[in-house]
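**Q** Provided herewith is a single structure, encoded as structure tokens, for subsequent inquiry.
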Amino acid sequence: KAGVTQTPRYLIKTRGQQVTLSCSPISGHRSVSWYQQTPGQGLQFLFEYFSETQRNKGNFPGRFSGRQFSNSRSEMNVSTLELGDSALYLCASSLNRPDVHEQYFGPGTRLTVT
Amino acid sequence: AQSVTQLDSHVSVSEGTPVLLRCNYSSSYSPSLFWYVQHPNKGLQLLLKYTSAATLVKGINGFEAEFKKSETSFHLTKPSAHMSDAAEYFCVVSDTTGGSYIPTFGRGTSLIVHP
């Protein structure tokens with residue numbers, strides 16, 4: 001079974017631009033979560049989507065948004081990029097069942113904002 | 001509310017010696033607990049999980065963890081460290097929030113393995 005895939009793997013953007021990151025979950029997984037990882041703040045939860053609906057949201061500004069499609073693929077968008085948005089963005093998928101709800105992570109997208 | 005504390009930000013061992021990475025948790029419900037490993041510039045890989053079955057959980061690469069409810073701990077151990085074990089390790093707790101399982105991650109423990 002193929003794992004979680006994320007594209008692109010690396011991105012360099014300029015402050016003020018916007019960016020869209022993509023995530024394809026493991027087949028059959030309907031829950032997709034996004035995280036931001038930085039050396040200073042560690043792993044921070046951005047949001048979770050399940051069946052095309054945002055179910056949970058972390059404490060990030062409205063510049064960070066996402067969506068999920070009917071095939072469970074998900075995108076996240078960051079508008080008006082700031083230098084502090086430079087980070088590794090991780091996507092994770094899960095079956096989200098009471099007996100099986102561990103998350104499986106993709107390799108991440110490394111975003112650099114200059 | 002749930003939280004997790006990894007008691008050491010760095011652990012340094014020699015190759016062939018035992019590894020102990022400590023984790024304490026707090027959860028309002030019967031928690032699920034996980035350990036993940038992250039090698040440089042990679043995503044997180046699930047090492048093992050506890051979901052209210054056996055308290056001693058065996059994972060991949062020779063790692064295991066013991067759930068101790070009385071101590072609210074879930075420490076990760078390995079009898080003999082290998083150079084390839086050098087990585088960042090995350091302890092994770094999750095319980096139900098509105099029907100979903102949103103995990104809380106510890107800050108991570110960096111395992112350094114000396115030859």
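Scheme for the structure tokens: letters A, B, ... for chains in order shown; per-chain residue numbers from 1; ligand numbers from 1 in order shown.
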Residues of chain B were defined as contacting chain A if any atom lay at most 7 Å from it, counting only C-alpha atoms; please report them as a list of chain:residue names.

**A** B:Lys42, B:Gly43, B:Leu44, B:Gln45, B:Ser100, B:Tyr101, B:Phe105, B:Arg107

**Q** Nearest to Val19 (chain A): which of A:Leu81, A:Ala87, A:Ser74, A:Thr38 is it, counting only C-alpha atoms?

**A**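 Counting only C-alpha atoms, the residue closest to Val19 (chain A) is A:Leu81.
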
**Q** If we count only C-alpha atoms and set the cut-off at 9 Å, which residues sit around Thr7 (chain A), ignoring sequence neighbours fewer than 3 positions away in its own chain? Please answer as an MDAnalysis selection string.

**A** chainID A and resid 10 21:24 108:109

**Q** Between CA of Leu111 (chain B) and CA of Tyr36 (chain B), what is the spacing in Å?

**A**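 CA of Tyr36 (chain B) sits 12.6 Å away from CA of Leu111 (chain B).
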
**Q** Tell me, in Å to one decimal, how far CA of Asn59 (chain A) is from CA of Leu46 (chain A).

**A**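 Taking CA of Asn59 (chain A) and CA of Leu46 (chain A), their separation equals 7.0 Å.
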
**Q** Have a look at CA of Gln6 (chain B) and CA of Gly58 (chain A) and let me know their distance in Å, one decimal.

**A** 21.3 Å

**Q** Check the smallest atom-to-atom distance from each of B:Arg22, B:His39, B:Lys49, B:His114 to Met83 (chain B) using only C-alpha atoms, then report the winner.

**A**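 When distances to Met83 (chain B) are compared using only C-alpha atoms, the smallest one comes from B:His114.
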
**Q** Set the distance at 7 Å and use only C-alpha atoms: which residues neighbour Ser86 (chain A) once local chain neighbours fewer than 5 positions away are removed? I'd like the list as a list in words.

**A**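 Near Ser86 (chain A), the qualifying residues are Leu111, Thr112 and Val113 of chain A.
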
**Q** Here is a test: counting only C-alpha atoms, which residue of B:Thr17, B:Thr5, B:Asn24, B:Asn41 is nearest to Gly108 (chain B)?

**A**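 Of B:Thr17, B:Thr5, B:Asn24, B:Asn41, the one nearest Gly108 (chain B), counting only C-alpha atoms, is B:Thr5.
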
**Q** Measuring between only C-alpha atoms, which one of B:Ala1, B:Leu46, B:Leu33, B:Val13 shows the shortest distance to Asn61 (chain B)?

**A**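 Residue with the minimum atom-to-atom distance to Asn61 (chain B): B:Leu46.
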
**Q** Of the candidates B:Phe63, B:Ser3, B:Asp8, B:Ser32, which shows the shortest atom-to-atom distance to Thr51 (chain B), using only C-alpha atoms?

**A**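 Among the listed residues, B:Ser32 lies closest to Thr51 (chain B).
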
**Q** Would you kindly return, as an mmCIF file with N, CA and C atoms, in the first residue's frame, each protein, DNA or RNA residue with an atom no farther than 8 Å from any atom of Arg63 (chain A), considering only C-alpha atoms and excluding same-chain residues fewer than 6 positions away?

**A**
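The resulting result.cif:
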```cif
data_model
loop_
_atom_site.group_PDB
_atom_site.id
_atom_site.type_symbol
_atom_site.label_atom_id
_atom_site.label_comp_id
_atom_site.auth_asym_id
_atom_site.auth_seq_id
_atom_site.Cartn_x
_atom_site.Cartn_y
_atom_site.Cartn_z
ATOM 1 N N ASN A 77 -3.282 25.995 1.997
ATOM 2 C CA ASN A 77 -2.880 27.227 1.353
ATOM 3 C C ASN A 77 -2.416 28.221 2.413
ATOM 4 N N VAL A 78 -1.341 28.906 2.108
ATOM 5 C CA VAL A 78 -0.892 29.981 2.990
ATOM 6 C C VAL A 78 -0.815 31.242 2.145
ATOM 7 N N SER A 79 -1.561 32.252 2.528
ATOM 8 C CA SER A 79 -1.552 33.502 1.777
ATOM 9 C C SER A 79 -0.662 34.522 2.475
ATOM 10 N N THR A 80 -0.262 35.518 1.743
ATOM 11 C CA THR A 80 0.549 36.615 2.278
ATOM 12 C C THR A 80 1.676 36.068 3.171
#
```

**Q** Set the distance at 7 Å and use only C-alpha atoms: which residues neighbour Ala65 (chain B) once local chain neighbours fewer than 6 positions away are removed? I'd like the list as a ChimeraX atom specification.

**A** /B:56-58,74-77
